[in-house]
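Novice: I'd like to ask you about the structure that follows.
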Amino acid sequence: MILRGIAASDGIGIGKVVRVQEQNLDYSAVKYGGKEAEKDRLQAAITQFNEKTTDMAEHIRTQVGEKESEILTGQIMMLSDPFMQSQMGEAIDAGQCAEAAVDQVCTMYAEMFAGVDDELMRQRATDVRDIRSRMLAILLGVTGVDVSRLPAGSVLVARDLTPSMTVGLDKEHVAAILTEVGGRTSHSAILARALELPAVLSVPNAMEQLKDGEQVIVDGGEGVALVGPDQSTLAQYQTKQEEFLRRKALLAVYRDKETVDAEGNRYALYANIGSTADAAAAAGSGAEGVGLFRTEFLFMDRVDMPTEAEQYEAYLAVSRTMAGKEVIIRTLDVGGDKAVDYLGMAPEENPFLGHRAIRYCLDNPDLYKVQLRALLRAGAEEKNIKIMLPLVTSLEEIRGAKALLETCKRELEAEGLPYHKDIPLGIMVETPAAALIADLLARECDFFSIGTNDLTQYTMAVDRGNAQVENLYTTFHPAVLRSIRNVITAAKEAGIQVGMCGEAAADPRLIPLLMTWGLDEFSVSASAVLATRAQIHHWHTAQASQVTQKAMGLSTAAEVEEYLKSAVQ
C-alpha cells in the first residue's frame, strides 16, 4: 500500500509504526462551580500552562534551537493576550465552566486562523488547537502524550505533531514522521526539519490506515509512505537512504563557501525571515544576508500596534545580527489573507485585490510613518538596511512612499535623532502591472526583488486556496517565466540590483534560467541555503544558457517542467 501526502522534510526513514492516540478531553461531566471558582480554575490552569511551556521551550532551545523554541514561547504570548482571556472570562460569566470557556474561545480563534489563505497564518490555528488541548488536559487532570519512550526505529504516526509533543522526543529512536494535517511551512514541518527527521504530512486517515508494528518506508522528499514493502523495495530504499545521507554530508562543505558558479561568477545568497530570531538561524545556515524580512509578523498576535521604539529595536536587532551583510526589510504587508483586527480594516468581497499592503499604508500615513521612522533610525548604525515596498502597481505608489520617507527624515533631523540619510528603497515585483512596467519602475528604485508566489498567482489568475484550480498555479508557465525575464532585463538595463525572494528562488530546476537572465540575488529559506549554493556552483554559463534557450522554446507549463526535470540533476 502506498500513502501520499505533502513532502515536508527530506530523507528516507524505515521503521515500524507507532501511533500516537489523542487524549480523551471530554468535559461533559464537569459541573459549573460559579463565576469566581471557575475563573480561579482558569487562572490556575493558565499559570501552570505558562510554567510548563516555559520549561518545554527551554528544552527545545537547548536540544533543537532558538528558532524552534519560539514556537512554544509564541503560545505563551497568545494565551497571555488580555482579549483572549477576557473572552474566556465572559464565557464563564455566561454560565460556562472553565473547560467550556477554553474550548469555545480557542475553537473560535482556530477556525478564524484556519480560514486564512496563508500557510504561516494557518500555523496559528495549529498553535491555538495545541493550547486548547493542553489547557483542557490541565483542567481535567489528564496526562499528556509521552513520546520519550519510543522503541528504536519508530515511525511516529499522529493526527498532528504539535510543538508540545516534541519535548522529550528522542530523535535517535524516531525513523520518520507521518501526520494527517500540516503543510511545508507548518510547525510540524519546521520541527521535523530542525530534528532532521523525514516527514510526510497531510496523509489522509493515516491513523486509521496504519496499524501499530507495521513496517513502513517514509520518503520525505517525494511525499510518499510505502506500507509493508517487499524485500526488493526495501533494498532499493536502503540504497536511496545511504545516497541521501552521502549527499547531505557533501552539502556541509558549502556552508562557508562563496556563492559562485562553475566559472567563479559571484551571486548573493540571502535568507527569508519572519522574526528577529530567524535572523540568527539565517546567519547560522550560511546565508550572506536577509533578502526578505516580513515585518507584518511584528504586528500580529497583539491587541495594538507596535510602537516606533518596539519596531526600532526589532529592526536594529536583525541589522546587528547580520552586521556587514544586507538586510532587506519589507514594509507592512497586511490585508488579503493577513488580517490584523486592531487596524480596523473593513471587510472586502475580494481582499486579495483590495485595500492592502502599500495601498493601505499610503492611505494611513500616520501609521506608516511610525514604521518608516523606525527603519530609518535602525539603519543608522550598521547602514545595512534596505526598505522594500510590497504589492506595487504604479509609479505613484513609489513616489508616495518616497515623499513620506523624506517627511520622516526631516522630522528625525529636527528631533536630533540619528538616521540613515541614504537608505536604499526598492520594491517587491509581484503584480503583472509591475512586471509590465518594470522599465519605468526601475528608474525610481534602488533595487527589485521578485516575489514569485504572488506574481504567479496574479499572472495565472489562480486562487492558491481553491483545490479545483490549484493545478494551474505553476511558475513553469511561459507567461510567468517571461514576466520574470522581463523584470530582470529591465533591472539590468537600469543598472539596479535584482533579486528573488519567492519559492522559485530555491527551485533547482529554475536556477539555470535565473542565472542566465542575470539575477543578482537569491533569497531562500534558511534550510535551503546550502542546497541552493551547491546548485549554483554546479552550472557553467554555456550549459545554463543552453537549458534556458530550450526551456523558453517550449509552449506549455507541463513541457517546461518535464524538460527541466530531466535537464537539471
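In the C-alpha cells, chains take letters A, B, ... by order of appearance, with residues numbered from 1 within each chain and ligands from 1 in the order shown.
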Would you pick out the contacts of range 14-19 of chain A at 9 Å or less, using only C-alpha atoms, so that residues sharing its chain but fewer than 4 positions from it are not included, and give the list as an NGL selection string?
Specialist: :A and (150-158 or 174-176 or 207 or 210-219 or 234 or 237-238 or 241)
Novice: DSSP on the backbone, then: every residue of range 5-45 of chain A marked strand (DSSP E), written as a ChimeraX atom specification.
Specialist: /A:6-9,12-20
Novice: Write out the residues from the selection above, keeping C-alpha atoms, as a compact mmCIF listing (two decimals), in the first residue's frame.
Specialist:
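And here's out.txt as it stands now:
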# COMPACT_ATOMS: atom_id res chain seq x y z
CA ILE A 6 2.97 16.58 1.44
CA ALA A 7 6.76 16.24 1.23
CA ALA A 8 7.69 18.23 4.34
CA SER A 9 11.14 17.10 5.45
CA ILE A 12 14.32 8.28 3.90
CA GLY A 13 13.00 6.73 7.11
CA ILE A 14 12.49 2.98 7.53
CA GLY A 15 10.86 1.56 10.64
CA LYS A 16 7.72 0.33 12.39
CA VAL A 17 4.54 2.27 13.01
CA VAL A 18 3.84 3.73 16.44
CA ARG A 19 0.52 5.60 16.50
CA VAL A 20 0.10 8.43 18.98
Novice: How many Å lie between CA of Lys421 in chain A and CA of Leu391 in chain A, rounded to one decimal?
Specialist: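 So the two atoms, CA of Lys421 in chain A and CA of Leu391 in chain A, lie 24.7 Å apart.
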Novice: Distance CA of Glu308 in chain A-CA of Gln371 in chain A, one decimal place?
Specialist: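 About the pair CA of Glu308 in chain A and CA of Gln371 in chain A: they are 6.5 Å apart.
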Novice: For Leu332 in chain A, please output as an MDAnalysis selection string all residues within 10 Å (counting only C-alpha atoms; exclusion window: fewer than 4 positions along the same chain).
Specialist: chainID A and resid 294:299 356:358 360:361 367:368 371:372 388:390
Novice: Using only C-alpha atoms, which protein or nucleic acid residues come within 12 Å of Arg4 in chain A? Drop anything in the same chain fewer than 3 positions from it, and give the result as a list in words.
Specialist: Met1, Ala7, Ala8, Leu178, Thr179, Glu180, Ala199, Val200, Leu201, Ser202, Val203, Pro204, Asn205, Ala206, Gln209, Ile217, Val218, Asp219, Gly220, Gly221, Glu222, Gly223, Val224, Ala225, Leu226 and Val227 of chain A
Novice: At what distance in Å, to one decimal, does CA of Arg509 in chain A lie from CA of Leu564 in chain A?
Specialist: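 If I compute the distance from CA of Leu564 in chain A to CA of Arg509 in chain A, I get 5.5 Å.
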Novice: Quick one: of A:Leu425, A:Leu250, A:Ala526, A:Leu405, who's nearest to Cys501 in chain A, counting only C-alpha atoms?
Specialist: A:Ala526
